[in-house]
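Contents: one structure, followed by commentary.
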Amino acid sequence: MTVKSPAVPDDDRQVKRGITALRDSADVDLAFGGVVVRGRHAQLTEFTGNATNALFGLTLGFGMGLGGKVVALQRPIAVNDYANSKQISHHYDLMVAAEGIHAVVAAPVVVNRTVRAVMYGAVRQSVALGDRTVDSVMRAARGLEQSLAVRDEVVSRLAALSEPTDTTARSVGPTSPRWETIREAYAELRILAQQLTDDELRDRVVGVCDKLADAGAPASRPFSGLSSRELDVLSCVALGRTNADVADELGLRAETVKSYLRSAMRRLGCHTRMETVVTARGLGLLP
């Protein structure tokens with residue numbers, strides 16, 4: 001399998017989802033935005049609530065207009081009267097006027113110090129933007145930053161693993177030092193999968209996790225398996241994590257972690273944490 005590096009085509013889908021969420025959460029007439037190429041030029045491709053296509057496909061020069069300035073400064077900017085604002089250049093006034101935009105706030109989406117996208121919330125009425133609207137756009141940008149950062153981490157780990165097949169994984173051997181690295185990657189991928197908003201990528205991660213577990217599985221498995229959450233918890237326990245550590249990584253309460261662990265122990269007929277881990281590995285439920 002060829003693993004895509006974090007790039008514009010993958011970012012487009014994330015930005016589209018973020019723009020839709022912004023329109024649903026903010027008190028704006030329209031929300032729009034697009035990816036930023038090489039940290040400089042944003043192209044507006046994602047819209048919801050727009051009345052025309054006047055802004056669709058527009059590429060913003062670095063520092064030009066509201067979005068271009070946001071990209072250059074890497075900070076959000078709000079203007080309550082776009083046509084007469086002295087904060088920005090007016091290279092795109094005709095397109096903005098065609099869409100009827102009066103007040104607008106734009107926020108950069110910055111991941112690892114690189115601007116990956118820009119998001120806008122705008123209204124057509126002659127009213128000042130309230131703090132609530134500005135905060136909603138900023139929260140949406142932060143949410144998209146987190147989604148992109150998690151996606152990047154997952155893609156990076158998938159690339160490092162190169163999606164081991166049964167043959168390649170078996171050639172490493174469960175007793176080799178390399179296998180411990182695979183076990184760590186397996187647990188980390190399961191944790192990251194819980195944070196993914198991209199269903200397609202989440203399914204891909206789960207598929208890779210299944211292959212990693214299958215690689216050490218016996219020819220036939222008499223036991224059908226554990227629940228997804230039980231495997232999440234047990235994969236972390238297998239790395240020596242405490243219940244508190246597991247709870248923090250999976251976003252659960254410590255008591256919930258204990259409950260999942262007890263359930264896994266009961267299903268596998270085990271009495272200790274390590275016995276449960278060893279049994280799960282013997283059954284091919286963990287790598």
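Within each chain, counting starts at residue 1; across the structure tokens, chains are named A, B, ... in the order shown, with ligands numbered 1 upward in that order.
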Extract the full set of strand (DSSP E) residues from region 15-147 of chain A according to DSSP on the backbone, and format it as a compact mmCIF listing (two decimals) with all heavy atoms, in the first residue's frame.
```
# COMPACT_ATOMS: atom_id res chain seq x y z
N LEU A 30 -22.97 32.52 6.39
CA LEU A 30 -22.22 31.58 5.58
C LEU A 30 -20.87 31.31 6.21
O LEU A 30 -20.32 32.13 6.94
CB LEU A 30 -22.04 32.08 4.15
CG LEU A 30 -21.12 33.29 3.91
CD1 LEU A 30 -20.59 33.27 2.49
CD2 LEU A 30 -21.89 34.60 4.14
N ALA A 31 -20.37 30.12 5.94
CA ALA A 31 -19.04 29.72 6.38
C ALA A 31 -18.30 29.19 5.16
O ALA A 31 -18.90 28.53 4.31
CB ALA A 31 -19.13 28.64 7.46
N PHE A 32 -17.04 29.50 5.08
CA PHE A 32 -16.26 29.04 3.92
C PHE A 32 -14.79 29.00 4.27
O PHE A 32 -14.36 29.44 5.35
CB PHE A 32 -16.51 29.93 2.70
CG PHE A 32 -16.20 31.39 2.89
CD1 PHE A 32 -15.01 31.94 2.40
CD2 PHE A 32 -17.11 32.24 3.51
CE1 PHE A 32 -14.74 33.29 2.56
CE2 PHE A 32 -16.85 33.60 3.67
CZ PHE A 32 -15.65 34.12 3.19
N GLY A 33 -14.00 28.46 3.37
CA GLY A 33 -12.56 28.38 3.61
C GLY A 33 -11.90 27.48 2.60
O GLY A 33 -12.48 27.10 1.59
N GLY A 34 -10.66 27.14 2.88
CA GLY A 34 -9.92 26.27 1.98
C GLY A 34 -8.53 25.99 2.52
O GLY A 34 -8.10 26.55 3.53
N VAL A 35 -7.84 25.11 1.83
CA VAL A 35 -6.49 24.72 2.25
C VAL A 35 -5.49 25.79 1.85
O VAL A 35 -5.75 26.63 0.98
CB VAL A 35 -6.09 23.37 1.62
CG1 VAL A 35 -7.03 22.26 2.06
CG2 VAL A 35 -6.06 23.47 0.09
N VAL A 36 -4.34 25.75 2.50
CA VAL A 36 -3.24 26.65 2.20
C VAL A 36 -2.09 25.82 1.65
O VAL A 36 -1.68 24.83 2.26
CB VAL A 36 -2.80 27.43 3.45
CG1 VAL A 36 -1.55 28.27 3.16
CG2 VAL A 36 -3.94 28.31 3.94
N VAL A 37 -1.59 26.21 0.50
CA VAL A 37 -0.51 25.47 -0.14
C VAL A 37 0.83 26.07 0.26
O VAL A 37 1.05 27.28 0.12
CB VAL A 37 -0.66 25.50 -1.68
CG1 VAL A 37 0.46 24.71 -2.34
CG2 VAL A 37 -2.02 24.94 -2.08
N HIS A 41 -0.44 30.33 0.05
CA HIS A 41 -1.58 30.69 -0.79
C HIS A 41 -2.80 29.83 -0.45
O HIS A 41 -2.77 28.61 -0.58
CB HIS A 41 -1.23 30.51 -2.27
CG HIS A 41 -0.02 31.30 -2.68
ND1 HIS A 41 -0.01 32.67 -2.69
CD2 HIS A 41 1.21 30.90 -3.06
CE1 HIS A 41 1.18 33.10 -3.09
NE2 HIS A 41 1.95 32.05 -3.31
N ALA A 42 -3.87 30.49 -0.02
CA ALA A 42 -5.11 29.78 0.29
C ALA A 42 -6.04 29.81 -0.91
O ALA A 42 -6.14 30.83 -1.61
CB ALA A 42 -5.79 30.43 1.49
N GLN A 43 -6.71 28.70 -1.15
CA GLN A 43 -7.72 28.65 -2.21
C GLN A 43 -9.07 28.32 -1.58
O GLN A 43 -9.20 27.34 -0.85
CB GLN A 43 -7.37 27.61 -3.27
CG GLN A 43 -8.34 27.63 -4.46
CD GLN A 43 -7.92 26.71 -5.58
OE1 GLN A 43 -7.41 25.63 -5.33
NE2 GLN A 43 -8.16 27.14 -6.81
N GLU A 46 -14.39 25.46 -0.14
CA GLU A 46 -15.44 24.85 0.68
C GLU A 46 -16.39 25.93 1.19
O GLU A 46 -15.98 26.89 1.83
CB GLU A 46 -14.83 24.09 1.86
CG GLU A 46 -13.77 23.08 1.47
CD GLU A 46 -14.28 22.02 0.51
OE1 GLU A 46 -15.50 21.73 0.54
OE2 GLU A 46 -13.47 21.47 -0.26
N PHE A 47 -17.69 25.78 0.86
CA PHE A 47 -18.69 26.79 1.22
C PHE A 47 -19.95 26.13 1.75
O PHE A 47 -20.34 25.05 1.30
CB PHE A 47 -19.07 27.63 -0.01
CG PHE A 47 -17.98 28.52 -0.53
CD1 PHE A 47 -16.97 28.01 -1.34
CD2 PHE A 47 -17.96 29.87 -0.22
CE1 PHE A 47 -15.96 28.82 -1.83
CE2 PHE A 47 -16.96 30.70 -0.71
CZ PHE A 47 -15.96 30.18 -1.51
N THR A 48 -20.60 26.81 2.66
CA THR A 48 -21.94 26.43 3.08
C THR A 48 -22.69 27.70 3.42
O THR A 48 -22.18 28.58 4.12
CB THR A 48 -21.93 25.45 4.27
OG1 THR A 48 -23.27 25.16 4.66
CG2 THR A 48 -21.19 26.03 5.46
N THR A 59 -8.02 32.20 -5.29
CA THR A 59 -6.73 31.99 -4.66
C THR A 59 -6.27 33.30 -4.04
O THR A 59 -6.18 34.32 -4.73
CB THR A 59 -5.68 31.49 -5.66
OG1 THR A 59 -6.09 30.23 -6.19
CG2 THR A 59 -4.32 31.32 -4.99
N LEU A 60 -5.99 33.28 -2.75
CA LEU A 60 -5.62 34.49 -2.02
C LEU A 60 -4.11 34.67 -2.01
O LEU A 60 -3.37 33.77 -1.59
CB LEU A 60 -6.13 34.40 -0.58
CG LEU A 60 -7.62 34.09 -0.40
CD1 LEU A 60 -7.93 33.91 1.07
CD2 LEU A 60 -8.46 35.20 -1.00
N ILE A 77 -8.50 37.43 12.46
CA ILE A 77 -8.85 38.85 12.30
C ILE A 77 -10.34 38.94 12.02
O ILE A 77 -10.88 38.15 11.23
CB ILE A 77 -8.08 39.50 11.13
CG1 ILE A 77 -6.56 39.42 11.38
CG2 ILE A 77 -8.49 40.97 10.96
CD1 ILE A 77 -5.74 39.93 10.20
N ALA A 78 -11.01 39.90 12.65
CA ALA A 78 -12.43 40.15 12.40
C ALA A 78 -12.61 41.58 11.93
O ALA A 78 -11.97 42.50 12.44
CB ALA A 78 -13.24 39.90 13.67
N VAL A 79 -13.47 41.79 10.93
CA VAL A 79 -13.81 43.14 10.47
C VAL A 79 -15.32 43.25 10.41
O VAL A 79 -16.01 42.34 9.94
CB VAL A 79 -13.19 43.45 9.08
CG1 VAL A 79 -11.67 43.50 9.17
CG2 VAL A 79 -13.63 42.44 8.03
N ALA A 103 -19.85 41.74 7.41
CA ALA A 103 -18.90 41.50 8.49
C ALA A 103 -18.38 40.07 8.38
O ALA A 103 -19.12 39.15 8.03
CB ALA A 103 -19.56 41.72 9.85
N VAL A 104 -17.10 39.88 8.72
CA VAL A 104 -16.50 38.56 8.54
C VAL A 104 -15.33 38.39 9.50
O VAL A 104 -14.63 39.35 9.83
CB VAL A 104 -16.03 38.36 7.08
CG1 VAL A 104 -15.02 39.43 6.68
CG2 VAL A 104 -15.45 36.98 6.86
N VAL A 105 -15.15 37.18 9.96
CA VAL A 105 -13.99 36.83 10.77
C VAL A 105 -13.31 35.64 10.11
O VAL A 105 -13.97 34.72 9.61
CB VAL A 105 -14.38 36.49 12.23
CG1 VAL A 105 -15.44 35.39 12.28
CG2 VAL A 105 -13.16 36.08 13.03
N ALA A 106 -11.99 35.70 10.05
CA ALA A 106 -11.21 34.60 9.47
C ALA A 106 -10.18 34.13 10.48
O ALA A 106 -9.63 34.93 11.25
CB ALA A 106 -10.51 35.06 8.19
N ALA A 107 -9.94 32.83 10.51
CA ALA A 107 -8.97 32.26 11.45
C ALA A 107 -8.08 31.27 10.72
O ALA A 107 -8.56 30.49 9.88
CB ALA A 107 -9.69 31.56 12.60
N PRO A 108 -6.78 31.29 11.02
CA PRO A 108 -5.88 30.32 10.39
C PRO A 108 -5.94 28.99 11.11
O PRO A 108 -6.25 28.93 12.30
CB PRO A 108 -4.50 30.98 10.58
CG PRO A 108 -4.63 31.70 11.88
CD PRO A 108 -6.06 32.19 11.95
N VAL A 109 -5.65 27.93 10.39
CA VAL A 109 -5.54 26.60 10.98
C VAL A 109 -4.05 26.24 10.91
O VAL A 109 -3.51 26.00 9.84
CB VAL A 109 -6.38 25.58 10.19
CG1 VAL A 109 -6.19 24.17 10.73
CG2 VAL A 109 -7.86 25.97 10.23
N VAL A 110 -3.40 26.27 12.06
CA VAL A 110 -1.94 26.12 12.13
C VAL A 110 -1.57 24.80 12.79
O VAL A 110 -1.97 24.52 13.92
CB VAL A 110 -1.31 27.29 12.92
CG1 VAL A 110 0.22 27.19 12.87
CG2 VAL A 110 -1.78 28.63 12.36
N VAL A 111 -0.82 23.98 12.07
CA VAL A 111 -0.34 22.71 12.59
C VAL A 111 1.17 22.68 12.46
O VAL A 111 1.71 22.84 11.36
CB VAL A 111 -0.97 21.52 11.83
CG1 VAL A 111 -0.48 20.19 12.41
CG2 VAL A 111 -2.49 21.58 11.87
N THR A 114 2.82 25.60 10.71
CA THR A 114 2.51 25.80 9.30
C THR A 114 1.01 26.03 9.14
O THR A 114 0.21 25.26 9.67
CB THR A 114 2.93 24.57 8.46
OG1 THR A 114 4.35 24.38 8.58
CG2 THR A 114 2.59 24.76 6.99
N VAL A 115 0.64 27.07 8.40
CA VAL A 115 -0.79 27.33 8.15
C VAL A 115 -1.28 26.33 7.11
O VAL A 115 -0.79 26.31 5.98
CB VAL A 115 -1.02 28.76 7.66
CG1 VAL A 115 -2.52 29.03 7.51
CG2 VAL A 115 -0.42 29.78 8.62
N ARG A 116 -2.24 25.51 7.50
CA ARG A 116 -2.73 24.46 6.62
C ARG A 116 -4.05 24.83 5.96
O ARG A 116 -4.43 24.27 4.93
CB ARG A 116 -2.90 23.17 7.42
CG ARG A 116 -1.59 22.61 7.95
CD ARG A 116 -0.87 21.78 6.92
NE ARG A 116 -1.56 20.52 6.77
CZ ARG A 116 -1.35 19.46 7.57
NH1 ARG A 116 -0.46 19.53 8.53
NH2 ARG A 116 -2.01 18.34 7.36
N ALA A 117 -4.79 25.77 6.58
CA ALA A 117 -6.09 26.14 6.03
C ALA A 117 -6.51 27.47 6.65
O ALA A 117 -5.90 27.96 7.60
CB ALA A 117 -7.14 25.07 6.33
N VAL A 118 -7.55 28.06 6.07
CA VAL A 118 -8.15 29.27 6.63
C VAL A 118 -9.65 29.08 6.63
O VAL A 118 -10.23 28.49 5.71
CB VAL A 118 -7.73 30.53 5.83
CG1 VAL A 118 -8.22 30.44 4.40
CG2 VAL A 118 -8.24 31.80 6.50
N MET A 119 -10.31 29.52 7.71
CA MET A 119 -11.75 29.36 7.87
C MET A 119 -12.39 30.72 8.10
O MET A 119 -11.84 31.57 8.81
CB MET A 119 -12.06 28.44 9.05
CG MET A 119 -11.40 27.08 8.97
SD MET A 119 -11.75 26.05 10.44
CE MET A 119 -13.48 25.63 10.17
N TYR A 120 -13.58 30.92 7.50
CA TYR A 120 -14.30 32.19 7.62
C TYR A 120 -15.72 31.95 8.13
O TYR A 120 -16.37 30.97 7.76
CB TYR A 120 -14.47 32.87 6.27
CG TYR A 120 -13.24 33.27 5.52
CD1 TYR A 120 -12.48 32.33 4.83
CD2 TYR A 120 -12.87 34.61 5.41
CE1 TYR A 120 -11.38 32.70 4.07
CE2 TYR A 120 -11.77 35.01 4.66
CZ TYR A 120 -11.03 34.04 4.00
OH TYR A 120 -9.94 34.43 3.25
N GLY A 121 -16.19 32.91 8.92
CA GLY A 121 -17.61 33.00 9.24
C GLY A 121 -18.04 34.41 8.88
O GLY A 121 -17.35 35.38 9.24
N ALA A 122 -19.15 34.57 8.17
CA ALA A 122 -19.54 35.90 7.69
C ALA A 122 -21.04 36.11 7.80
O ALA A 122 -21.83 35.16 7.81
CB ALA A 122 -19.10 36.08 6.24
N VAL A 123 -21.42 37.39 7.89
CA VAL A 123 -22.84 37.77 7.90
C VAL A 123 -23.07 38.82 6.83
O VAL A 123 -22.16 39.58 6.47
CB VAL A 123 -23.28 38.31 9.28
CG1 VAL A 123 -23.15 37.23 10.35
CG2 VAL A 123 -22.48 39.54 9.67
```
* Pick out the residues sitting within 7 Å of Leu196 (chain A), and hand them over as an MDAnalysis selection string; count only C-alpha atoms, and ignore anything fewer than 2 positions along from it in its own chain. => chainID A and resid 147 150:151 192:194 198 202
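Atom to atom, CA of Thr276 (chain A) and CA of Asp232 (chain A) stand 13.4 Å apart.
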* Structure fact -> Residue with the minimum atom-to-atom distance to Asp93 (chain A), picked from A:Val15, A:Pro76, A:Lys69, A:Met64 with only C-alpha atoms counted, is A:Met64
* Could you tell me which of A:Leu212, A:Val134, A:Ala72, A:Leu158 comes closest to Ala26 (chain A) if we count only C-alpha atoms? => A:Val134
* To do: Find the residues near Gly100 (chain A): any atom within 9 Å, counting only C-alpha atoms, skip ones fewer than 6 places away on the same chain, and give them as a ChimeraX atom specification.
  => /A:51,123-125
Contacts of Asp131 (chain A) within 12 Å, only C-alpha atoms, excl. fewer than 2 positions in-chain, as a CSV table (one decimal) with C-alpha atoms, in the first residue's frame:
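Okay, result-v9.csv is ready:
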```
chain,number,residue,atom,x,y,z
A,26,ALA,CA,-21.8,29.7,14.8
A,27,ASP,CA,-24.3,32.5,14.3
A,78,ALA,CA,-12.4,40.1,12.4
A,80,ASN,CA,-17.3,44.5,11.0
A,105,VAL,CA,-14.0,36.8,10.8
A,128,ALA,CA,-21.0,44.0,14.3
A,129,LEU,CA,-19.8,40.5,15.0
A,133,THR,CA,-19.4,34.5,16.8
A,134,VAL,CA,-15.7,35.2,16.8
A,135,ASP,CA,-15.0,32.6,19.4
A,136,SER,CA,-17.0,30.0,17.5
A,137,VAL,CA,-14.8,30.5,14.4
A,138,MET,CA,-11.7,30.3,16.5
A,139,ARG,CA,-12.9,27.1,18.2
```
* What separation in Å, quoted to one decimal, exists between CA of Leu189 (chain A) and CA of His271 (chain A)? -> 27.0 Å
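Here CA of Ser89 (chain A) stands at a distance of 26.4 Å from CA of Gly18 (chain A).
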